[in-house]
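Novice: Before we start, here is the structure in question, set down as structure tokens.
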Amino acid sequence: MEIPRDSPIYIAGHRGLVGSAIWRKLQQLGFTHLLGRTRAELNLLNAAAVREFYDREKPVYVFVAAAKVGGILANSQQPAAFLYENLLIQNNLIHGAYEHGVKKLLFLGSSCIYPKLAPQPLKEDYMLSGPLELTNESYAIAKIAGIKLCAALRRQYGCDFISAMPTNMYGANDNYDLQTSHVLPALIRKFHQAKAASAPTVTCWGSGTPLREFLHSDDLAEACFFLMENYSAEQFINVGYGSDISIRNLAALIQKVIGYQGEIIWDHSKPDGTPRKLLDSSRIFELGWRPKIDLEKGIRLAYDDFRDHCG
Ligand SMILES: NC(=O)c1ccc[n+]([C@@H]2O[C@H](COP(=O)([O-])OP(=O)(O)OC[C@H]3O[C@@H](n4cnc5c(N)ncnc54)[C@H](OP(=O)(O)O)[C@@H]3O)[C@@H](O)[C@H]2O)c1
């Protein structure tokens, strides 16, 4: 189904890492009626305000890229806020979309919905097959509820609401705060600062052996648009890069891109986290979508963005 270029499309969270990439992608494709609201303009915790927005703007397509997002520290310190706020935001957006007759909606989940000890690579069928990782359980429970709400609205009312589960993302508008950021943007900041200060060493957390998968946000944006046009089913779908890399090799790649000449020291007293986290993305690959930005090119793009905004 080709989406008409003048359709009103609401991107909730349009200034975040994922939402801003979807916004840019739709602009490039020539969409002329994009709708975005900052938190100050529309607080998504407020059901009445969301209803009023839907009434007034009448979006036909909705991308749900707004959420309370954070690293391990924030998740473990604020479990109630992560559960409550994410449930409110997604309920207001998803149920509101049903009430206002939105034609199609895409909800974004996260790979933390999978059980802590699920086999790798993670297949869609593994959701709810075992206990979750405790540190982000609240966030994961909210995301599972969002997936289930989309599926239930489809079953009960025939709503064309779908869900996608992206792997670890990076790209423009990422969070580079060393206290709260994910591993890839944190390493970009560390190596950049070490180079600027001509520091002889950079210390990285853990052993460097865990394997992680990374997808550039521009690739995810393409996947979201691809799914909006080509996918309609109750089953949510994984969106990954298709292969993983050790943190040690990731650090070496970032070191090379930034041109830092010093030595990397691994602080083994810091936790490694789970040994491997790789999505099985064969379903979306079989439908015809593939990522285009390899990790080295993606890190170059992310580093350019970092220097423009934070360097
Ligand atoms: N980043 C990743 O590695 C990753 C991986 C897998 C899945 N995802 C999923 O992708 C989605 C987007 O993540 P992201 O990384 O793009 O997060 P992000 O950069 O933190 O963006 C989230 C957006 O939601 C907005 N928001 C949060 N609470 C709001 C509220 N009460 N009212 C209005 N707006 C609100 C934020 O606005 P403010 O800027 O005003 O706070 C921000 O624009 C999430 O569902 C996440 O689970 C992300």
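Chain labels run A, B, ... following the order of the structure tokens; each chain numbers its residues from 1, and ligands are numbered from 1 in the order shown.
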Would you list the residues that come within 7 Å of ligand 1? Count only C-alpha atoms and all ligand atoms and give the answer as a short mmCIF file (atom, residue, chain, number, x, y, z; two decimals) with N, CA and C atoms, in the first residue's frame.

Specialist:
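Saved to selection_23.cif:
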data_model
loop_
_atom_site.label_atom_id
_atom_site.label_comp_id
_atom_site.auth_asym_id
_atom_site.auth_seq_id
_atom_site.Cartn_x
_atom_site.Cartn_y
_atom_site.Cartn_z
N ALA A 12 5.08 10.76 17.10
CA ALA A 12 5.18 11.06 18.54
C ALA A 12 6.62 10.85 18.96
N GLY A 13 7.23 11.87 19.59
CA GLY A 13 8.65 11.78 19.96
C GLY A 13 9.55 12.20 18.81
N HIS A 14 9.12 13.19 18.02
CA HIS A 14 9.82 13.53 16.77
C HIS A 14 11.17 14.21 16.97
N ARG A 15 11.52 14.54 18.23
CA ARG A 15 12.83 15.14 18.46
C ARG A 15 13.81 14.15 19.09
N GLY A 16 13.37 12.92 19.33
CA GLY A 16 14.26 11.90 19.91
C GLY A 16 15.12 11.25 18.84
N LEU A 17 15.95 10.30 19.26
CA LEU A 17 16.86 9.60 18.33
C LEU A 17 16.07 8.95 17.19
N VAL A 18 15.08 8.16 17.54
CA VAL A 18 14.32 7.41 16.53
C VAL A 18 13.31 8.30 15.81
N GLY A 19 12.54 9.08 16.58
CA GLY A 19 11.50 9.92 15.98
C GLY A 19 12.09 10.94 14.99
N THR A 38 6.38 19.01 20.70
CA THR A 38 7.34 18.83 21.80
C THR A 38 6.55 18.50 23.07
N ARG A 39 7.28 18.07 24.09
CA ARG A 39 6.64 17.76 25.36
C ARG A 39 5.94 19.00 25.94
N LEU A 42 2.66 19.32 23.97
CA LEU A 42 1.69 18.23 24.20
C LEU A 42 2.34 17.21 25.12
N ASN A 43 1.92 17.22 26.40
CA ASN A 43 2.45 16.23 27.33
C ASN A 43 1.66 14.93 27.14
N LEU A 44 2.33 13.90 26.69
CA LEU A 44 1.65 12.65 26.33
C LEU A 44 1.14 11.88 27.55
N LEU A 45 1.49 12.37 28.77
CA LEU A 45 0.93 11.75 29.98
C LEU A 45 -0.51 12.20 30.19
N ALA A 65 7.04 6.85 18.64
CA ALA A 65 8.47 6.82 18.99
C ALA A 65 8.71 7.64 20.25
N ALA A 66 7.65 7.93 21.00
CA ALA A 66 7.80 8.64 22.28
C ALA A 66 7.76 7.63 23.40
N ALA A 67 8.66 7.77 24.34
CA ALA A 67 8.69 6.88 25.51
C ALA A 67 9.63 7.48 26.53
N LYS A 68 9.50 7.03 27.77
CA LYS A 68 10.52 7.37 28.76
C LYS A 68 11.63 6.34 28.60
N VAL A 69 12.79 6.80 28.13
CA VAL A 69 13.89 5.89 27.76
C VAL A 69 15.09 6.19 28.65
N ILE A 89 1.78 6.95 28.35
CA ILE A 89 2.10 7.52 27.03
C ILE A 89 1.53 6.62 25.93
N LEU A 108 6.73 1.26 18.66
CA LEU A 108 8.12 0.80 18.77
C LEU A 108 8.39 0.23 20.15
N GLY A 109 8.81 -1.00 20.18
CA GLY A 109 9.19 -1.64 21.44
C GLY A 109 10.69 -1.63 21.59
N SER A 110 11.22 -2.65 22.24
CA SER A 110 12.65 -2.71 22.48
C SER A 110 13.03 -4.16 22.75
N SER A 111 14.31 -4.49 22.52
CA SER A 111 14.72 -5.90 22.66
C SER A 111 14.71 -6.36 24.12
N MET A 165 10.27 -4.26 16.92
CA MET A 165 11.25 -4.34 18.03
C MET A 165 12.64 -4.05 17.49
N PRO A 166 13.12 -2.82 17.67
CA PRO A 166 14.48 -2.51 17.18
C PRO A 166 15.56 -3.01 18.13
N THR A 167 16.74 -3.25 17.57
CA THR A 167 17.92 -3.57 18.38
C THR A 167 18.51 -2.27 18.94
N ASN A 168 19.76 -2.31 19.45
CA ASN A 168 20.40 -1.07 19.95
C ASN A 168 20.58 -0.09 18.80
N MET A 169 20.18 1.16 19.06
CA MET A 169 20.23 2.17 18.00
C MET A 169 21.34 3.18 18.30
N TYR A 170 21.80 3.84 17.25
CA TYR A 170 22.71 4.99 17.40
C TYR A 170 22.48 5.89 16.19
N ASP A 174 21.56 11.47 19.26
CA ASP A 174 21.75 10.49 20.34
C ASP A 174 22.07 11.22 21.64
#

Novice: Tell me, as a list in words, which residues lie within 8 Å of Ile258 of chain A, counting only C-alpha atoms; anything in the same chain fewer than 3 positions away does not count.

Specialist: Ile188, Phe191, His192, Lys195, Ile254, Gln255 and Tyr303 of chain A

Novice: Store the residues picked out above in a file with C-alpha atoms, as a compact mmCIF listing (two decimals), in the first residue's frame.

Specialist:
# COMPACT_ATOMS: atom_id res chain seq x y z
CA ILE A 188 32.43 8.29 20.95
CA PHE A 191 37.64 8.81 22.60
CA HIS A 192 36.86 12.32 21.37
CA LYS A 195 42.05 12.82 21.65
CA ILE A 254 35.55 4.04 17.15
CA GLN A 255 39.21 4.69 18.04
CA TYR A 303 30.77 11.31 15.00

Novice: For atom CA of Tyr241 of chain A and atom CA of Ile284 of chain A, determine how far apart the two atoms are, in Å to one decimal place.

Specialist: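 Going from atom CA of Tyr241 of chain A over to atom CA of Ile284 of chain A, I get 10.8 Å.
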
Novice: Extract the full set of strand (DSSP E) residues from segment 60-276 of chain A according to DSSP on the backbone, and format it as a ChimeraX atom specification.

Specialist: /A:61-64,104-108,160-166,168-170,201-205,211-212,214-216,237-239,245-246,263-267,276

Novice: Keeping only N, CA and C atoms, write those residues as a compact mmCIF listing (two decimals), in the first residue's frame.

Specialist:
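Produced file again_17.txt, reproduced below:
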# COMPACT_ATOMS: atom_id res chain seq x y z
N TYR A 61 -1.96 8.44 9.91
CA TYR A 61 -0.92 7.47 10.26
C TYR A 61 -0.20 7.98 11.51
N VAL A 62 0.19 7.04 12.38
CA VAL A 62 0.89 7.44 13.61
C VAL A 62 2.10 6.53 13.84
N PHE A 63 3.26 7.15 14.11
CA PHE A 63 4.45 6.42 14.56
C PHE A 63 4.63 6.72 16.05
N VAL A 64 4.65 5.69 16.89
CA VAL A 64 4.81 5.90 18.34
C VAL A 64 6.29 5.73 18.70
N LYS A 104 -3.56 3.62 10.35
CA LYS A 104 -2.47 2.68 10.67
C LYS A 104 -1.53 3.29 11.70
N LEU A 105 -1.05 2.44 12.60
CA LEU A 105 -0.15 2.90 13.67
C LEU A 105 0.99 1.90 13.81
N LEU A 106 2.20 2.45 14.04
CA LEU A 106 3.37 1.61 14.32
C LEU A 106 3.87 1.93 15.72
N PHE A 107 3.91 0.91 16.56
CA PHE A 107 4.41 1.06 17.93
C PHE A 107 5.83 0.51 18.00
N LEU A 108 6.73 1.26 18.66
CA LEU A 108 8.12 0.80 18.77
C LEU A 108 8.39 0.23 20.15
N ASP A 160 -5.55 -1.54 12.19
CA ASP A 160 -4.30 -1.94 11.53
C ASP A 160 -3.12 -1.35 12.32
N PHE A 161 -2.91 -1.88 13.51
CA PHE A 161 -1.85 -1.40 14.39
C PHE A 161 -0.77 -2.49 14.46
N ILE A 162 0.50 -2.09 14.22
CA ILE A 162 1.60 -3.06 14.20
C ILE A 162 2.69 -2.63 15.19
N SER A 163 3.57 -3.57 15.52
CA SER A 163 4.68 -3.27 16.45
C SER A 163 6.00 -3.76 15.88
N ALA A 164 7.06 -2.95 16.09
CA ALA A 164 8.40 -3.33 15.66
C ALA A 164 9.33 -3.31 16.87
N MET A 165 10.27 -4.26 16.92
CA MET A 165 11.25 -4.34 18.03
C MET A 165 12.64 -4.05 17.49
N PRO A 166 13.12 -2.82 17.67
CA PRO A 166 14.48 -2.51 17.18
C PRO A 166 15.56 -3.01 18.13
N ASN A 168 19.76 -2.31 19.45
CA ASN A 168 20.40 -1.07 19.95
C ASN A 168 20.58 -0.09 18.80
N MET A 169 20.18 1.16 19.06
CA MET A 169 20.23 2.17 18.00
C MET A 169 21.34 3.18 18.30
N TYR A 170 21.80 3.84 17.25
CA TYR A 170 22.71 4.99 17.40
C TYR A 170 22.48 5.89 16.19
N THR A 201 45.82 7.25 27.69
CA THR A 201 44.97 6.04 27.77
C THR A 201 43.49 6.44 27.85
N VAL A 202 42.64 5.47 27.45
CA VAL A 202 41.19 5.58 27.64
C VAL A 202 40.76 4.32 28.39
N THR A 203 39.98 4.48 29.45
CA THR A 203 39.52 3.32 30.20
C THR A 203 38.09 2.98 29.78
N CYS A 204 37.88 1.71 29.40
CA CYS A 204 36.54 1.25 29.02
C CYS A 204 36.07 0.22 30.04
N TRP A 205 34.74 0.15 30.21
CA TRP A 205 34.17 -0.75 31.22
C TRP A 205 34.19 -2.20 30.79
N LEU A 211 29.04 -9.39 23.19
CA LEU A 211 28.69 -9.13 21.79
C LEU A 211 27.39 -8.34 21.74
N ARG A 212 27.39 -7.28 20.92
CA ARG A 212 26.18 -6.45 20.79
C ARG A 212 25.93 -6.12 19.33
N PHE A 214 24.22 -3.33 16.58
CA PHE A 214 23.93 -1.89 16.48
C PHE A 214 23.33 -1.57 15.12
N LEU A 215 22.27 -0.75 15.15
CA LEU A 215 21.61 -0.35 13.90
C LEU A 215 21.56 1.18 13.86
N HIS A 216 21.93 1.77 12.71
CA HIS A 216 21.87 3.22 12.59
C HIS A 216 20.41 3.66 12.54
N ILE A 237 7.48 -7.50 14.93
CA ILE A 237 8.58 -7.92 14.06
C ILE A 237 9.90 -7.29 14.51
N ASN A 238 10.96 -8.12 14.58
CA ASN A 238 12.29 -7.62 14.97
C ASN A 238 12.91 -6.78 13.86
N VAL A 239 13.66 -5.74 14.25
CA VAL A 239 14.41 -4.95 13.27
C VAL A 239 15.84 -4.81 13.78
N ILE A 245 28.96 -7.49 17.16
CA ILE A 245 30.39 -7.17 17.26
C ILE A 245 30.76 -7.15 18.75
N SER A 246 32.00 -7.55 19.07
CA SER A 246 32.40 -7.47 20.48
C SER A 246 32.63 -6.00 20.85
N GLU A 263 46.21 4.33 24.18
CA GLU A 263 45.97 2.91 24.49
C GLU A 263 44.62 2.75 25.19
N ILE A 264 43.96 1.60 24.95
CA ILE A 264 42.69 1.32 25.64
C ILE A 264 42.97 0.39 26.82
N ILE A 265 42.44 0.77 27.99
CA ILE A 265 42.59 -0.07 29.18
C ILE A 265 41.20 -0.60 29.54
N TRP A 266 41.09 -1.90 29.80
CA TRP A 266 39.79 -2.50 30.14
C TRP A 266 39.68 -2.65 31.64
N ASP A 267 38.65 -2.03 32.23
CA ASP A 267 38.45 -2.06 33.68
C ASP A 267 37.57 -3.27 34.02
N ARG A 276 25.65 -11.87 25.24
CA ARG A 276 25.31 -11.64 23.83
C ARG A 276 23.86 -11.19 23.71

Novice: Need the shell around segment 112-119 of chain A: protein/DNA/RNA residues with any atom at most 6 Å away, counting only C-alpha atoms. Skip same-chain ones fewer than 6 positions apart. Format as a compact mmCIF listing (two decimals) with C-alpha atoms, in the first residue's frame?

Specialist:
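Below is the file result26.txt, written as the result:
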# COMPACT_ATOMS: atom_id res chain seq x y z
CA MET A 127 8.57 -13.13 24.14
CA GLY A 130 10.74 -16.81 30.67
CA PRO A 131 11.62 -14.25 33.37
CA LEU A 132 12.82 -10.78 32.31
CA GLU A 133 16.09 -9.05 33.25
CA ALA A 140 9.88 -4.28 29.40

Novice: Please identify which residues in segment 118-307 of chain A DSSP calls helix (DSSP H, G or I) from the backbone, and express them as a PyMOL selection string.

Specialist: chain A and resi 124-126+134-157+183-196+217-230+247-258+282-287+295-307

Novice: For the residues in that selection, give me C-alpha atoms as an mmCIF file, in the first residue's frame.

Specialist:
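This is the output file selection09.cif:
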data_model
loop_
_atom_site.group_PDB
_atom_site.id
_atom_site.type_symbol
_atom_site.label_atom_id
_atom_site.label_comp_id
_atom_site.auth_asym_id
_atom_site.auth_seq_id
_atom_site.Cartn_x
_atom_site.Cartn_y
_atom_site.Cartn_z
ATOM 1 C CA GLU A 124 9.919 -13.065 17.997
ATOM 2 C CA ASP A 125 8.335 -16.243 19.476
ATOM 3 C CA TYR A 126 10.542 -16.012 22.594
ATOM 4 C CA LEU A 134 15.272 -7.442 36.602
ATOM 5 C CA THR A 135 17.046 -4.103 35.976
ATOM 6 C CA ASN A 136 14.670 -3.102 33.156
ATOM 7 C CA GLU A 137 11.649 -5.220 34.035
ATOM 8 C CA SER A 138 9.313 -2.219 34.418
ATOM 9 C CA TYR A 139 10.227 -0.841 31.011
ATOM 10 C CA ALA A 140 9.880 -4.282 29.399
ATOM 11 C CA ILE A 141 6.464 -4.934 31.003
ATOM 12 C CA ALA A 142 5.196 -1.588 29.649
ATOM 13 C CA LYS A 143 6.525 -2.414 26.162
ATOM 14 C CA ILE A 144 4.918 -5.883 26.255
ATOM 15 C CA ALA A 145 1.621 -4.227 27.257
ATOM 16 C CA GLY A 146 1.931 -1.869 24.253
ATOM 17 C CA ILE A 147 2.498 -4.776 21.856
ATOM 18 C CA LYS A 148 -0.466 -6.607 23.361
ATOM 19 C CA LEU A 149 -2.707 -3.519 23.169
ATOM 20 C CA CYS A 150 -1.984 -3.134 19.441
ATOM 21 C CA ALA A 151 -2.652 -6.847 18.888
ATOM 22 C CA ALA A 152 -5.873 -6.769 20.957
ATOM 23 C CA LEU A 153 -7.230 -3.692 19.161
ATOM 24 C CA ARG A 154 -6.551 -5.470 15.859
ATOM 25 C CA ARG A 155 -8.358 -8.600 17.069
ATOM 26 C CA GLN A 156 -11.335 -6.856 18.673
ATOM 27 C CA TYR A 157 -11.878 -3.899 16.320
ATOM 28 C CA VAL A 183 27.696 2.162 25.045
ATOM 29 C CA LEU A 184 28.319 3.410 21.486
ATOM 30 C CA PRO A 185 27.685 7.152 22.041
ATOM 31 C CA ALA A 186 29.554 6.902 25.371
ATOM 32 C CA LEU A 187 32.636 5.512 23.580
ATOM 33 C CA ILE A 188 32.433 8.293 20.953
ATOM 34 C CA ARG A 189 32.505 10.914 23.691
ATOM 35 C CA LYS A 190 35.326 9.182 25.620
ATOM 36 C CA PHE A 191 37.636 8.812 22.604
ATOM 37 C CA HIS A 192 36.859 12.321 21.374
ATOM 38 C CA GLN A 193 37.705 13.813 24.770
ATOM 39 C CA ALA A 194 40.866 11.697 25.088
ATOM 40 C CA LYS A 195 42.049 12.818 21.650
ATOM 41 C CA ALA A 196 41.344 16.488 22.416
ATOM 42 C CA SER A 217 18.704 5.241 13.278
ATOM 43 C CA ASP A 218 18.394 6.174 9.557
ATOM 44 C CA ASP A 219 18.189 2.451 8.753
ATOM 45 C CA LEU A 220 15.536 1.975 11.445
ATOM 46 C CA ALA A 221 13.574 4.906 10.002
ATOM 47 C CA GLU A 222 13.580 3.195 6.588
ATOM 48 C CA ALA A 223 12.443 -0.033 8.216
ATOM 49 C CA CYS A 224 9.592 1.759 10.032
ATOM 50 C CA PHE A 225 8.390 3.315 6.789
ATOM 51 C CA PHE A 226 8.773 -0.023 4.980
ATOM 52 C CA LEU A 227 6.642 -1.730 7.641
ATOM 53 C CA MET A 228 4.031 1.048 7.556
ATOM 54 C CA GLU A 229 3.615 0.463 3.820
ATOM 55 C CA ASN A 230 4.137 -3.293 3.619
ATOM 56 C CA ILE A 247 32.662 -4.314 22.572
ATOM 57 C CA ARG A 248 36.457 -4.624 22.193
ATOM 58 C CA ASN A 249 36.210 -4.492 18.386
ATOM 59 C CA LEU A 250 33.622 -1.718 18.587
ATOM 60 C CA ALA A 251 36.021 0.357 20.725
ATOM 61 C CA ALA A 252 38.824 -0.282 18.189
ATOM 62 C CA LEU A 253 36.577 0.859 15.338
ATOM 63 C CA ILE A 254 35.555 4.042 17.146
ATOM 64 C CA GLN A 255 39.205 4.690 18.037
ATOM 65 C CA LYS A 256 40.101 4.385 14.333
ATOM 66 C CA VAL A 257 37.264 6.664 13.132
ATOM 67 C CA ILE A 258 38.156 9.345 15.689
ATOM 68 C CA SER A 282 15.009 -12.998 9.313
ATOM 69 C CA ARG A 283 11.289 -12.135 9.168
ATOM 70 C CA ILE A 284 11.808 -8.529 8.056
ATOM 71 C CA PHE A 285 14.763 -9.522 5.825
ATOM 72 C CA GLU A 286 12.508 -12.038 4.036
ATOM 73 C CA LEU A 287 9.922 -9.286 3.482
ATOM 74 C CA LEU A 295 28.941 0.122 11.341
ATOM 75 C CA GLU A 296 32.066 2.036 10.252
ATOM 76 C CA LYS A 297 30.083 4.390 8.008
ATOM 77 C CA GLY A 298 27.422 4.769 10.716
ATOM 78 C CA ILE A 299 30.039 5.677 13.342
ATOM 79 C CA ARG A 300 31.514 8.288 10.948
ATOM 80 C CA LEU A 301 28.031 9.817 10.505
ATOM 81 C CA ALA A 302 27.375 9.729 14.256
ATOM 82 C CA TYR A 303 30.772 11.308 15.002
ATOM 83 C CA ASP A 304 30.056 14.140 12.521
ATOM 84 C CA ASP A 305 26.751 14.751 14.321
ATOM 85 C CA PHE A 306 28.463 14.628 17.727
ATOM 86 C CA ARG A 307 31.053 17.243 16.630
#

Novice: Could you please determine the separation between atom CA of Leu128 of chain A and atom CA of Phe82 of chain A in Å, to one decimal place?

Specialist: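 According to the coordinates, atom CA of Leu128 of chain A and atom CA of Phe82 of chain A are separated by 19.2 Å.
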
Novice: What does the structure give for the distance between atom CA of Ser20 of chain A and atom CA of Ala80 of chain A, in Å to one decimal?

Specialist: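 One can read the atom CA of Ser20 of chain A to atom CA of Ala80 of chain A distance as 27.1 Å.
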
Novice: Measuring between only C-alpha atoms, which one of A:Arg290, A:Asp6, A:Gly311, A:Gly208 shows the shortest distance to Pro275 of chain A?

Specialist: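 Answer, going by the shortest atom-to-atom distance: A:Gly208.
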